[in-house]
There are 2 protein chains.
Amino acid sequence: MKKQLLSAFFFLSFSLLGFSQEALFGGQQIISPEVHANNTVTFRLLAPDAEKVEITGDFLPTEKMKTPMGEMDGPGKVEMTKNDQGVWTFISEVLNPELYNYSFIIDGFKTTDPNNPFLIRDVASSTNIFIIGGGQGELYKTNDIPHGTVARRWYDSPGLGMDRRITIYTPPGYETSNEKYPVLYLLHGAGGDEEAWISLGRTAQIMDNLIAEGKAKPMIVVMPNGNVIQDGAPGEGSMGYYKPQFMVPRTMDGTYEGAFEDIIKFVEGNYRVKADKASRAIAGLSMGGFHTLHISRYYPNTFDYIGLFSAAIMPREDATGKVYSNFDETLQKQMDNGYKLYWIAIGKTDFLYDANKEYRAKLDTMGMPYEYVESEGGHTWRNWRVYLSQFAPRLF
Amino acid sequence: MKKQLLSAFFFLSFSLLGFSQEALFGGQQIISPEVHANNTVTFRLLAPDAEKVEITGDFLPTEKMKTPMGEMDGPGKVEMTKNDQGVWTFISEVLNPELYNYSFIIDGFKTTDPNNPFLIRDVASSTNIFIIGGGQGELYKTNDIPHGTVARRWYDSPGLGMDRRITIYTPPGYETSNEKYPVLYLLHGAGGDEEAWISLGRTAQIMDNLIAEGKAKPMIVVMPNGNVIQDGAPGEGSMGYYKPQFMVPRTMDGTYEGAFEDIIKFVEGNYRVKADKASRAIAGLSMGGFHTLHISRYYPNTFDYIGLFSAAIMPREDATGKVYSNFDETLQKQMDNGYKLYWIAIGKTDFLYDANKEYRAKLDTMGMPYEYVESEGGHTWRNWRVYLSQFAPRLF
């Protein structure tokens with residue numbers, strides 16, 4: 001009895017002590033999502049006045065959807081069931097280990113799950129996420145293992161005339177060892193920024209887990225911002241808060257590639273790194289694959305490891321910038337100089353599949369060696385996380 | 001004409017190149033919020049099927065609201081107006097410079113603005129934010145000035161028997177100078193974690209701006225996690241994704257204060273700091289104010305600057321832990337040892353106002369010197385950001 005009274009007192013006292021008033025005025029008192037031991041997931045939403053609630057996400061079988069670019073595989077959608085307390089519920093099938101995303105659609109209005117604070121932003125949209133652990137999903141979790149450090153820093157870019165924000169992962173032990181480390185430069189796609197790989201890509205979790213398992217060497221991972229008109233990600237730079245767009249001007253006009261040496265100089269001048277070709281890798285997804293393709297041949301003899309993840313392939317014969325001139329010549333030179341790995345990965349249903357096929361044919365004609373991985377699926381972060389987890393163990 | 005064709009080609013090509021497929025399937029094509037030059041703000045929401053849409057936020061006059069703790073000032077709420085395209089609109093009054101939050105209520109369902117990706121999490125609720133610049137609001141913006149680095153690191157806590165995540169701000173120039181820096185330990189409230197001050201508190205922006213204006217000395221700001229059962233914030237530690245609660249067990253049983261020396265040791269062993277009393281400050285909000293009160297007297301002669309922001313004051317006569325024993329004696333000792341600033345701030349409508357008044361009376365009786373700031377408003381992040389911007393210039 002006394003214990004109960006004390007607990008009640010503690011609850012009242014404690015519940016007053018700390019959170020802001022605002023935090024009192026919102027929030028539903030239910031749990032969603034709930035991942036069960038058998039890898040099914042229960043989703044719940046309190047919406048007594050809604051007439052129809054659906055859930056959509058990449059854990060459901062894909063559905064064909066119309067987009068501005070034609071029909072594509074989109075996330076599936078199912079109706080949820082309402083109980084007499086106004087709580088809508090859906091229980092998934094048994095799910096494979098993976099990081100999934102989902103949204104609710106309440107009477108036609110697509111929105112987030114108010115009970116799940118774990119959101120990731122993809123361009124301008126925020127969706128909820130959850131993880132099914134084990135297997136590949138285990139790589140995306142923060143496990144009880146040694147962790148690297150993730151720093152958001154600013155570097156001076158004389159080539160772009162501004163200080164710019166950059167995300168840098170240093171591996172466990174970096175601060176306390178005297179070792180020099182190799183560096184992976186990891187580039188985002190259109191609509192992304194220096195936050196994309198670390199949040200959507202789970203870079204820190206993937207690297208921590210691979211390193212702890214002895215599957216990847218300890219390395220520094222550098223995640224720059226590829227949009228040359230921004231000093232930082234939307235909301236993180238001096239342009240302030242604005243709605244992020246897919247198309248940021250001047251992302252593929254050669255300016256970024258031309259100024260990339262500023263990033264290498266910053267990293268090699270500010271971190272304990274092995275500053276040689278054998279200790280430099282560069283990889284990118286989609287537009288970042290395009291940047292990787294161009295940067296790796298534009299800076300001769302700089303990178304021994306090159307990764308094109310669902311890469312945009314544009315020889316850009318219309319482009320006149322210095323970076324895109326002498327394309328064939330510099331590619332030939334890159335081949336002649338040699339490298340240890342030129343790794344190309346793409347999904348079978350990716351809309352860039354044909355462009356990649358043509359590029360591989362070009363490399364075949366030149367006799368330029370590469371490794372090729374063809375996965376299921378399309379142009380998705382799910383694939384890019386997998387590609388990183390396959391590429392990183394091949395490095396250094 | 002040729003230029004137009006080229007542009008169309010570029011648009012189509014570029015728009016295919018980079019973002020994930022998922023990003024295509026969501027998103028409304030309108031702008032919200034839109035901050036106008038005269039500091040009014042237009043909010044917009046596309047919800048053609050909704051019958052009633054309201055907006056609620058701390059930019060509106062407060063309203064009395066019932067909470068589990070009785071009536072409190074809550075964010076105001078107004079109805080939005082629908083046009084014939086199904087877009088709901090509300091235009092605010094002219095707003096003072098500040099960081100504001102808001103949510104939409106669609107037919108009774110409270111949710112986020114799908115056109116505004118800038119969200120902050122307060123315990124388990126995510127709300128949208130926007131900033132009105134100028135004045136105090138200018139301190140919360142990322143301006144084109146030198147920026148410090150924000151690192152998420154992990155430190156070993158022998159006292160808690162685990163590696164723990166910690167957020168550390170180092171000032172502009174830290175990496176390139178040979179100087180030693182003073183340190184502010186900045187503690188969150190109940191329901192918070194090592195992400196609270198950096199996101200809700202805008203610590204990096206406030207410090208960058210104050211330092212650039214010459215109003216605060218360059219200093220390191222250390223933001224630990226005060227919940228001893230967690231190794232990291234919800235979603236960032238090995239407990240994985242779960243719904244954050246106000247009340248984390250064992251937050252106020254003396255364990256955290258007792259193990260705080262692990263944090264000081266880590267910082268002083270891993271950063272270029274001035275490791276003396278004159279160069280150590282500690283401050284915290286609410287529960288973090290409680291921790292500050294206890295840590296600053298429990299570790300004798302350690303801190304010259306102490307800040308209690310809307311502090312929870314609990315002499316904890318019921319508590320038997322080592323940290324809370326000899327309260328009066330150690331407080332007297334703290335006074336006798338001396339310090340440069342004991343700073344107490346609270347809002348007039350804070351539910352901890354009376355407890356703070358009693359504590360000040362106790363200090364008055366002892367003759368223990370302090371400075372007191374009484375602000376408008378209550379137990380809100382708006383006040384805590386202001387308190388930090390007033391406290392930091394007084395340090396070192």
# chains A, B, ... in the order shown; residues from 1 in each chain; ligands from 1
>>> residues_around(residues="region 42-51 of chain A", least_positions_apart="4", cutoff="8 Å", atoms="only C-alpha atoms", output="VMD selection string")
(chain A and resid 28 30 to 36 85 to 92 106 to 107 113 to 115) or (chain B and resid 107 to 109)
>>> residues_around(residues="Pro146 (chain B)", least_positions_apart="2", cutoff="8 Å", atoms="only C-alpha atoms", output="compact mmCIF listing (two decimals) with all heavy atoms, in the first residue's frame")
# COMPACT_ATOMS: atom_id res chain seq x y z
N ASP B 144 25.24 32.88 -42.44
CA ASP B 144 26.48 32.73 -43.20
C ASP B 144 27.65 33.29 -42.39
O ASP B 144 28.16 34.38 -42.66
CB ASP B 144 26.34 33.44 -44.56
CG ASP B 144 27.55 33.17 -45.45
OD1 ASP B 144 28.34 32.26 -45.12
OD2 ASP B 144 27.70 33.87 -46.47
N GLY B 148 30.54 25.96 -35.91
CA GLY B 148 31.15 24.89 -35.14
C GLY B 148 30.80 23.53 -35.73
O GLY B 148 30.06 23.42 -36.70
N PRO B 172 33.69 27.15 -33.84
CA PRO B 172 34.45 27.40 -35.07
C PRO B 172 35.93 27.55 -34.74
O PRO B 172 36.27 28.21 -33.75
CB PRO B 172 33.88 28.73 -35.58
CG PRO B 172 32.54 28.86 -34.95
CD PRO B 172 32.61 28.13 -33.65
N ASP B 208 26.88 29.41 -32.47
CA ASP B 208 27.53 30.00 -33.65
C ASP B 208 27.24 31.50 -33.73
O ASP B 208 28.14 32.31 -33.98
CB ASP B 208 27.01 29.35 -34.95
CG ASP B 208 27.63 27.99 -35.24
OD1 ASP B 208 28.56 27.58 -34.51
OD2 ASP B 208 27.18 27.34 -36.20
N ALA B 212 29.90 34.50 -33.18
CA ALA B 212 30.19 35.38 -34.33
C ALA B 212 29.97 36.84 -33.98
O ALA B 212 30.68 37.72 -34.46
CB ALA B 212 29.31 34.98 -35.52
>>> residues_around(residues="Ser157 (chain A)", least_positions_apart="3", cutoff="12 Å", atoms="only C-alpha atoms", output="PDB file with all heavy atoms, in the first residue's frame")
ATOM      1  N   TRP A 154      31.859  21.941 -41.244  1.00  0.00           N
ATOM      2  CA  TRP A 154      31.837  22.886 -42.363  1.00  0.00           C
ATOM      3  C   TRP A 154      33.249  22.987 -42.916  1.00  0.00           C
ATOM      4  O   TRP A 154      34.211  23.072 -42.153  1.00  0.00           O
ATOM      5  CB  TRP A 154      31.336  24.242 -41.893  1.00  0.00           C
ATOM      6  CG  TRP A 154      29.882  24.214 -41.494  1.00  0.00           C
ATOM      7  CD1 TRP A 154      29.360  23.643 -40.363  1.00  0.00           C
ATOM      8  CD2 TRP A 154      28.770  24.739 -42.224  1.00  0.00           C
ATOM      9  NE1 TRP A 154      27.990  23.794 -40.349  1.00  0.00           N
ATOM     10  CE2 TRP A 154      27.594  24.461 -41.470  1.00  0.00           C
ATOM     11  CE3 TRP A 154      28.640  25.421 -43.439  1.00  0.00           C
ATOM     12  CZ2 TRP A 154      26.324  24.849 -41.888  1.00  0.00           C
ATOM     13  CZ3 TRP A 154      27.372  25.810 -43.848  1.00  0.00           C
ATOM     14  CH2 TRP A 154      26.230  25.520 -43.091  1.00  0.00           C
ATOM     15  N   LEU A 160      33.849  26.704 -54.933  1.00  0.00           N
ATOM     16  CA  LEU A 160      32.452  27.135 -54.957  1.00  0.00           C
ATOM     17  C   LEU A 160      32.268  28.466 -54.230  1.00  0.00           C
ATOM     18  O   LEU A 160      31.165  29.015 -54.214  1.00  0.00           O
ATOM     19  CB  LEU A 160      31.545  26.064 -54.332  1.00  0.00           C
ATOM     20  CG  LEU A 160      31.582  24.695 -55.014  1.00  0.00           C
ATOM     21  CD1 LEU A 160      30.688  23.706 -54.273  1.00  0.00           C
ATOM     22  CD2 LEU A 160      31.170  24.791 -56.484  1.00  0.00           C
ATOM     23  N   GLY A 161      33.337  28.972 -53.639  1.00  0.00           N
ATOM     24  CA  GLY A 161      33.261  30.287 -52.979  1.00  0.00           C
ATOM     25  C   GLY A 161      32.399  30.303 -51.741  1.00  0.00           C
ATOM     26  O   GLY A 161      31.746  31.308 -51.465  1.00  0.00           O
ATOM     27  N   MET A 162      32.368  29.203 -51.005  1.00  0.00           N
ATOM     28  CA  MET A 162      31.575  29.215 -49.766  1.00  0.00           C
ATOM     29  C   MET A 162      32.057  28.146 -48.794  1.00  0.00           C
ATOM     30  O   MET A 162      32.714  27.193 -49.173  1.00  0.00           O
ATOM     31  CB  MET A 162      30.086  29.012 -50.062  1.00  0.00           C
ATOM     32  CG  MET A 162      29.748  27.770 -50.874  1.00  0.00           C
ATOM     33  SD  MET A 162      27.938  27.468 -50.924  1.00  0.00           S
ATOM     34  CE  MET A 162      27.622  27.489 -52.685  1.00  0.00           C
ATOM     35  N   ASP A 163      31.693  28.368 -47.524  1.00  0.00           N
ATOM     36  CA  ASP A 163      31.806  27.300 -46.530  1.00  0.00           C
ATOM     37  C   ASP A 163      30.633  26.356 -46.754  1.00  0.00           C
ATOM     38  O   ASP A 163      29.514  26.804 -47.000  1.00  0.00           O
ATOM     39  CB  ASP A 163      31.715  27.869 -45.112  1.00  0.00           C
ATOM     40  CG  ASP A 163      33.009  28.521 -44.677  1.00  0.00           C
ATOM     41  OD1 ASP A 163      34.016  28.369 -45.394  1.00  0.00           O
ATOM     42  OD2 ASP A 163      32.995  29.184 -43.624  1.00  0.00           O
ATOM     43  N   ARG A 164      30.904  25.054 -46.640  1.00  0.00           N
ATOM     44  CA  ARG A 164      29.848  24.083 -46.927  1.00  0.00           C
ATOM     45  C   ARG A 164      29.789  23.026 -45.829  1.00  0.00           C
ATOM     46  O   ARG A 164      30.796  22.630 -45.267  1.00  0.00           O
ATOM     47  CB  ARG A 164      30.107  23.394 -48.281  1.00  0.00           C
ATOM     48  CG  ARG A 164      30.307  24.380 -49.420  1.00  0.00           C
ATOM     49  CD  ARG A 164      30.215  23.665 -50.767  1.00  0.00           C
ATOM     50  NE  ARG A 164      28.843  23.397 -51.124  1.00  0.00           N
ATOM     51  CZ  ARG A 164      28.386  22.246 -51.600  1.00  0.00           C
ATOM     52  NH1 ARG A 164      29.201  21.224 -51.743  1.00  0.00           N
ATOM     53  NH2 ARG A 164      27.114  22.094 -51.913  1.00  0.00           N
ATOM     54  N   ARG A 165      28.605  22.536 -45.590  1.00  0.00           N
ATOM     55  CA  ARG A 165      28.373  21.526 -44.550  1.00  0.00           C
ATOM     56  C   ARG A 165      28.674  20.139 -45.106  1.00  0.00           C
ATOM     57  O   ARG A 165      28.381  19.857 -46.274  1.00  0.00           O
ATOM     58  CB  ARG A 165      26.919  21.631 -44.101  1.00  0.00           C
ATOM     59  CG  ARG A 165      26.590  20.957 -42.782  1.00  0.00           C
ATOM     60  CD  ARG A 165      25.222  21.454 -42.321  1.00  0.00           C
ATOM     61  NE  ARG A 165      24.763  20.793 -41.107  1.00  0.00           N
ATOM     62  CZ  ARG A 165      24.013  19.706 -41.085  1.00  0.00           C
ATOM     63  NH1 ARG A 165      23.641  19.129 -42.203  1.00  0.00           N
ATOM     64  NH2 ARG A 165      23.619  19.170 -39.932  1.00  0.00           N
ATOM     65  N   ILE A 166      29.241  19.276 -44.293  1.00  0.00           N
ATOM     66  CA  ILE A 166      29.618  17.944 -44.738  1.00  0.00           C
ATOM     67  C   ILE A 166      29.440  16.980 -43.563  1.00  0.00           C
ATOM     68  O   ILE A 166      29.622  17.363 -42.417  1.00  0.00           O
ATOM     69  CB  ILE A 166      31.071  17.957 -45.277  1.00  0.00           C
ATOM     70  CG1 ILE A 166      31.400  16.685 -46.039  1.00  0.00           C
ATOM     71  CG2 ILE A 166      32.085  18.233 -44.174  1.00  0.00           C
ATOM     72  CD1 ILE A 166      32.655  16.835 -46.919  1.00  0.00           C
ATOM     73  N   PRO A 224      29.420  14.329 -48.714  1.00  0.00           N
ATOM     74  CA  PRO A 224      29.311  15.767 -49.001  1.00  0.00           C
ATOM     75  C   PRO A 224      27.928  16.120 -49.559  1.00  0.00           C
ATOM     76  O   PRO A 224      27.096  15.239 -49.790  1.00  0.00           O
ATOM     77  CB  PRO A 224      30.373  15.984 -50.079  1.00  0.00           C
ATOM     78  CG  PRO A 224      30.858  14.618 -50.492  1.00  0.00           C
ATOM     79  CD  PRO A 224      30.029  13.590 -49.819  1.00  0.00           C
ATOM     80  N   ASN A 225      27.716  17.400 -49.770  1.00  0.00           N
ATOM     81  CA  ASN A 225      26.493  17.898 -50.401  1.00  0.00           C
ATOM     82  C   ASN A 225      26.792  18.164 -51.873  1.00  0.00           C
ATOM     83  O   ASN A 225      27.673  18.966 -52.199  1.00  0.00           O
ATOM     84  CB  ASN A 225      26.040  19.179 -49.701  1.00  0.00           C
ATOM     85  CG  ASN A 225      24.742  19.730 -50.264  1.00  0.00           C
ATOM     86  OD1 ASN A 225      24.541  19.751 -51.483  1.00  0.00           O
ATOM     87  ND2 ASN A 225      23.857  20.176 -49.392  1.00  0.00           N
ATOM     88  N   VAL A 228      25.504  22.371 -55.701  1.00  0.00           N
ATOM     89  CA  VAL A 228      26.486  23.448 -55.558  1.00  0.00           C
ATOM     90  C   VAL A 228      25.889  24.803 -55.188  1.00  0.00           C
ATOM     91  O   VAL A 228      26.621  25.709 -54.805  1.00  0.00           O
ATOM     92  CB  VAL A 228      27.359  23.597 -56.829  1.00  0.00           C
ATOM     93  CG1 VAL A 228      28.188  22.339 -57.029  1.00  0.00           C
ATOM     94  CG2 VAL A 228      26.506  23.896 -58.061  1.00  0.00           C
ATOM     95  N   GLN A 230      23.762  25.138 -52.711  1.00  0.00           N
ATOM     96  CA  GLN A 230      23.492  25.079 -51.267  1.00  0.00           C
ATOM     97  C   GLN A 230      24.802  25.065 -50.485  1.00  0.00           C
ATOM     98  O   GLN A 230      25.746  24.401 -50.890  1.00  0.00           O
ATOM     99  CB  GLN A 230      22.768  23.775 -50.902  1.00  0.00           C
ATOM    100  CG  GLN A 230      21.414  23.580 -51.510  1.00  0.00           C
ATOM    101  CD  GLN A 230      20.846  22.184 -51.226  1.00  0.00           C
ATOM    102  OE1 GLN A 230      21.576  21.265 -50.852  1.00  0.00           O
ATOM    103  NE2 GLN A 230      19.547  22.041 -51.433  1.00  0.00           N
ATOM    104  N   ASP A 231      24.823  25.727 -49.325  1.00  0.00           N
ATOM    105  CA  ASP A 231      25.945  25.491 -48.418  1.00  0.00           C
ATOM    106  C   ASP A 231      25.658  24.346 -47.463  1.00  0.00           C
ATOM    107  O   ASP A 231      26.571  23.772 -46.875  1.00  0.00           O
ATOM    108  CB  ASP A 231      26.364  26.763 -47.660  1.00  0.00           C
ATOM    109  CG  ASP A 231      25.236  27.402 -46.879  1.00  0.00           C
ATOM    110  OD1 ASP A 231      24.092  26.932 -46.961  1.00  0.00           O
ATOM    111  OD2 ASP A 231      25.507  28.391 -46.157  1.00  0.00           O
ATOM    112  N   THR A 255      30.068  21.661 -62.294  1.00  0.00           N
ATOM    113  CA  THR A 255      30.623  22.517 -61.242  1.00  0.00           C
ATOM    114  C   THR A 255      31.052  21.698 -60.021  1.00  0.00           C
ATOM    115  O   THR A 255      32.125  21.903 -59.455  1.00  0.00           O
ATOM    116  CB  THR A 255      29.579  23.572 -60.810  1.00  0.00           C
ATOM    117  OG1 THR A 255      29.079  24.216 -61.982  1.00  0.00           O
ATOM    118  CG2 THR A 255      30.186  24.600 -59.875  1.00  0.00           C
ATOM    119  N   TYR A 256      30.179  20.764 -59.623  1.00  0.00           N
ATOM    120  CA  TYR A 256      30.459  19.967 -58.430  1.00  0.00           C
ATOM    121  C   TYR A 256      31.714  19.115 -58.632  1.00  0.00           C
ATOM    122  O   TYR A 256      32.607  19.089 -57.785  1.00  0.00           O
ATOM    123  CB  TYR A 256      29.252  19.077 -58.121  1.00  0.00           C
ATOM    124  CG  TYR A 256      29.410  18.208 -56.904  1.00  0.00           C
ATOM    125  CD1 TYR A 256      29.697  18.760 -55.660  1.00  0.00           C
ATOM    126  CD2 TYR A 256      29.241  16.823 -56.984  1.00  0.00           C
ATOM    127  CE1 TYR A 256      29.832  17.963 -54.534  1.00  0.00           C
ATOM    128  CE2 TYR A 256      29.364  16.022 -55.855  1.00  0.00           C
ATOM    129  CZ  TYR A 256      29.660  16.600 -54.641  1.00  0.00           C
ATOM    130  OH  TYR A 256      29.783  15.803 -53.527  1.00  0.00           O
ATOM    131  N   GLY A 258      34.088  19.601 -60.699  1.00  0.00           N
ATOM    132  CA  GLY A 258      35.262  20.463 -60.828  1.00  0.00           C
ATOM    133  C   GLY A 258      35.790  20.955 -59.484  1.00  0.00           C
ATOM    134  O   GLY A 258      36.991  21.204 -59.327  1.00  0.00           O
ATOM    135  N   ALA A 259      34.875  21.111 -58.513  1.00  0.00           N
ATOM    136  CA  ALA A 259      35.280  21.615 -57.191  1.00  0.00           C
ATOM    137  C   ALA A 259      35.495  20.480 -56.198  1.00  0.00           C
ATOM    138  O   ALA A 259      35.748  20.747 -55.015  1.00  0.00           O
ATOM    139  CB  ALA A 259      34.212  22.577 -56.657  1.00  0.00           C
ATOM    140  N   PHE A 260      35.426  19.241 -56.653  1.00  0.00           N
ATOM    141  CA  PHE A 260      35.515  18.118 -55.708  1.00  0.00           C
ATOM    142  C   PHE A 260      36.872  18.041 -55.015  1.00  0.00           C
ATOM    143  O   PHE A 260      36.989  17.525 -53.902  1.00  0.00           O
ATOM    144  CB  PHE A 260      35.194  16.787 -56.410  1.00  0.00           C
ATOM    145  CG  PHE A 260      34.818  15.700 -55.433  1.00  0.00           C
ATOM    146  CD1 PHE A 260      33.531  15.642 -54.920  1.00  0.00           C
ATOM    147  CD2 PHE A 260      35.741  14.755 -55.016  1.00  0.00           C
ATOM    148  CE1 PHE A 260      33.176  14.662 -54.004  1.00  0.00           C
ATOM    149  CE2 PHE A 260      35.396  13.767 -54.091  1.00  0.00           C
ATOM    150  CZ  PHE A 260      34.108  13.719 -53.591  1.00  0.00           C
ATOM    151  N   GLU A 261      37.891  18.591 -55.672  1.00  0.00           N
ATOM    152  CA  GLU A 261      39.224  18.567 -55.047  1.00  0.00           C
ATOM    153  C   GLU A 261      39.243  19.316 -53.713  1.00  0.00           C
ATOM    154  O   GLU A 261      40.039  19.001 -52.834  1.00  0.00           O
ATOM    155  CB  GLU A 261      40.269  19.160 -55.995  1.00  0.00           C
ATOM    156  CG  GLU A 261      39.987  20.598 -56.374  1.00  0.00           C
ATOM    157  CD  GLU A 261      40.896  21.084 -57.515  1.00  0.00           C
ATOM    158  OE1 GLU A 261      41.992  20.542 -57.667  1.00  0.00           O
ATOM    159  OE2 GLU A 261      40.466  22.004 -58.244  1.00  0.00           O
ATOM    160  N   ASP A 262      38.334  20.305 -53.560  1.00  0.00           N
ATOM    161  CA  ASP A 262      38.247  21.013 -52.275  1.00  0.00           C
ATOM    162  C   ASP A 262      37.906  20.041 -51.145  1.00  0.00           C
ATOM    163  O   ASP A 262      38.399  20.179 -50.019  1.00  0.00           O
ATOM    164  CB  ASP A 262      37.155  22.099 -52.320  1.00  0.00           C
ATOM    165  CG  ASP A 262      37.487  23.217 -53.296  1.00  0.00           C
ATOM    166  OD1 ASP A 262      38.669  23.329 -53.693  1.00  0.00           O
ATOM    167  OD2 ASP A 262      36.560  23.969 -53.660  1.00  0.00           O
ATOM    168  N   ILE A 263      37.030  19.095 -51.447  1.00  0.00           N
ATOM    169  CA  ILE A 263      36.598  18.122 -50.429  1.00  0.00           C
ATOM    170  C   ILE A 263      37.755  17.192 -50.081  1.00  0.00           C
ATOM    171  O   ILE A 263      38.035  16.937 -48.908  1.00  0.00           O
ATOM    172  CB  ILE A 263      35.373  17.343 -50.932  1.00  0.00           C
ATOM    173  CG1 ILE A 263      34.184  18.299 -51.087  1.00  0.00           C
ATOM    174  CG2 ILE A 263      35.028  16.194 -49.994  1.00  0.00           C
ATOM    175  CD1 ILE A 263      32.976  17.708 -51.788  1.00  0.00           C
ATOM    176  N   ILE A 264      38.438  16.706 -51.103  1.00  0.00           N
ATOM    177  CA  ILE A 264      39.575  15.805 -50.849  1.00  0.00           C
ATOM    178  C   ILE A 264      40.645  16.525 -50.034  1.00  0.00           C
ATOM    179  O   ILE A 264      41.177  15.984 -49.064  1.00  0.00           O
ATOM    180  CB  ILE A 264      40.155  15.285 -52.176  1.00  0.00           C
ATOM    181  CG1 ILE A 264      39.075  14.503 -52.953  1.00  0.00           C
ATOM    182  CG2 ILE A 264      41.372  14.397 -51.923  1.00  0.00           C
ATOM    183  CD1 ILE A 264      39.516  14.049 -54.334  1.00  0.00           C
ATOM    184  N   LYS A 265      40.935  17.771 -50.423  1.00  0.00           N
ATOM    185  CA  LYS A 265      41.939  18.550 -49.688  1.00  0.00           C
ATOM    186  C   LYS A 265      41.541  18.738 -48.231  1.00  0.00           C
ATOM    187  O   LYS A 265      42.363  18.625 -47.330  1.00  0.00           O
ATOM    188  CB  LYS A 265      42.117  19.935 -50.335  1.00  0.00           C
ATOM    189  CG  LYS A 265      43.221  19.978 -51.362  1.00  0.00           C
ATOM    190  CD  LYS A 265      43.439  21.410 -51.863  1.00  0.00           C
ATOM    191  CE  LYS A 265      44.068  21.369 -53.251  1.00  0.00           C
ATOM    192  NZ  LYS A 265      43.888  22.616 -54.003  1.00  0.00           N
ATOM    193  N   PHE A 266      40.271  19.062 -48.030  1.00  0.00           N
ATOM    194  CA  PHE A 266      39.789  19.261 -46.652  1.00  0.00           C
ATOM    195  C   PHE A 266      39.965  17.983 -45.842  1.00  0.00           C
ATOM    196  O   PHE A 266      40.488  18.001 -44.716  1.00  0.00           O
ATOM    197  CB  PHE A 266      38.323  19.692 -46.653  1.00  0.00           C
ATOM    198  CG  PHE A 266      37.672  19.577 -45.307  1.00  0.00           C
ATOM    199  CD1 PHE A 266      37.977  20.487 -44.294  1.00  0.00           C
ATOM    200  CD2 PHE A 266      36.783  18.551 -45.021  1.00  0.00           C
ATOM    201  CE1 PHE A 266      37.397  20.369 -43.035  1.00  0.00           C
ATOM    202  CE2 PHE A 266      36.205  18.430 -43.757  1.00  0.00           C
ATOM    203  CZ  PHE A 266      36.516  19.340 -42.768  1.00  0.00           C
ATOM    204  N   VAL A 267      39.523  16.873 -46.397  1.00  0.00           N
ATOM    205  CA  VAL A 267      39.583  15.605 -45.656  1.00  0.00           C
ATOM    206  C   VAL A 267      41.030  15.226 -45.381  1.00  0.00           C
ATOM    207  O   VAL A 267      41.389  14.872 -44.255  1.00  0.00           O
ATOM    208  CB  VAL A 267      38.849  14.496 -46.437  1.00  0.00           C
ATOM    209  CG1 VAL A 267      39.105  13.128 -45.814  1.00  0.00           C
ATOM    210  CG2 VAL A 267      37.352  14.791 -46.499  1.00  0.00           C
TER     211      VAL A 267
END
>>> residues_around(residues="Met252 (chain B)", least_positions_apart="4", cutoff="9 Å", atoms="only C-alpha atoms", output="PyMOL selection string")
(chain A and resi 14) or (chain B and resi 227+256-257+287+290-291)
>>> closest_residue(among="B:Thr330, B:Thr40, B:Thr81, B:Thr176", to="chain A", atoms="only C-alpha atoms")
B:Thr176
>>> atom_distance(atom1="CA of Gly338 (chain A)", atom2="CA of Gly367 (chain A)")
12.1 Å
>>> residues_around(residues="Ser126 (chain A)", least_positions_apart="3", cutoff="8 Å", atoms="only C-alpha atoms", output="number ranges by chain")
A: 112, 119-122; B: 114, 117
>>> closest_atom_pairs(of="region 255-364 of chain A", to="region 188-193 of chain A", cutoff="10 Å", atoms="only C-alpha atoms", output="Markdown table")
| residue | atom | partner | partner_atom | distance |
| --- | --- | --- | --- | --- |
| A:Ala283 | CA | A:His188 | CA | 9.0 |
| A:Gly284 | CA | A:His188 | CA | 5.9 |
| A:Leu285 | CA | A:Gly189 | CA | 5.5 |
| A:Ser286 | CA | A:Gly189 | CA | 5.2 |
| A:Met287 | CA | A:Gly189 | CA | 4.4 |
| A:Gly288 | CA | A:Gly189 | CA | 4.9 |
| A:Gly289 | CA | A:Gly189 | CA | 7.7 |
| A:Phe290 | CA | A:Gly189 | CA | 8.9 |
| A:His291 | CA | A:Gly189 | CA | 9.2 |
| A:Phe309 | CA | A:Gly189 | CA | 9.9 |
| A:Ser310 | CA | A:Gly189 | CA | 9.7 |
| A:Ala311 | CA | A:Gly189 | CA | 8.9 |
| A:Ala312 | CA | A:Gly189 | CA | 9.1 |
>>> select_by_dssp(residues="region 120-310 of chain A", states="helix (DSSP H, G or I)", output="ChimeraX atom specification")
/A:135-138,196-199,203-212,255-258,260-270,277-279,287-298
>>> closest_residue(among="B:Ser279, B:Ser238, B:Thr292, B:Asn83", to="chain A", atoms="only C-alpha atoms")
B:Ser238
>>> atom_distance(atom1="CA of Lys277 (chain B)", atom2="CA of Ile168 (chain B)")
19.5 Å
>>> residues_around(residues="Glu63 (chain A)", least_positions_apart="5", cutoff="7 Å", atoms="only C-alpha atoms", output="list in words")
Asp73, Gly74, Pro75 and Gly76 of chain A
>>> select_by_dssp(residues="region 173-243 of chain B", states="strand (DSSP E)", output="list of chain:residue names")
B:Val183, B:Leu184, B:Tyr185, B:Leu186, B:Leu187, B:Ile220, B:Val221, B:Val222, B:Met223
>>> write_last_selection(atoms="C-alpha atoms", output="compact mmCIF listing (two decimals), in the first residue's frame")
# COMPACT_ATOMS: atom_id res chain seq x y z
CA VAL B 183 33.23 23.61 -21.45
CA LEU B 184 29.50 24.03 -20.84
CA TYR B 185 27.67 20.83 -19.83
CA LEU B 186 24.08 21.28 -20.97
CA LEU B 187 21.43 18.90 -19.61
CA ILE B 220 32.66 23.41 -26.14
CA VAL B 221 29.07 22.43 -25.34
CA VAL B 222 28.52 18.88 -24.12
CA MET B 223 24.98 17.45 -24.34
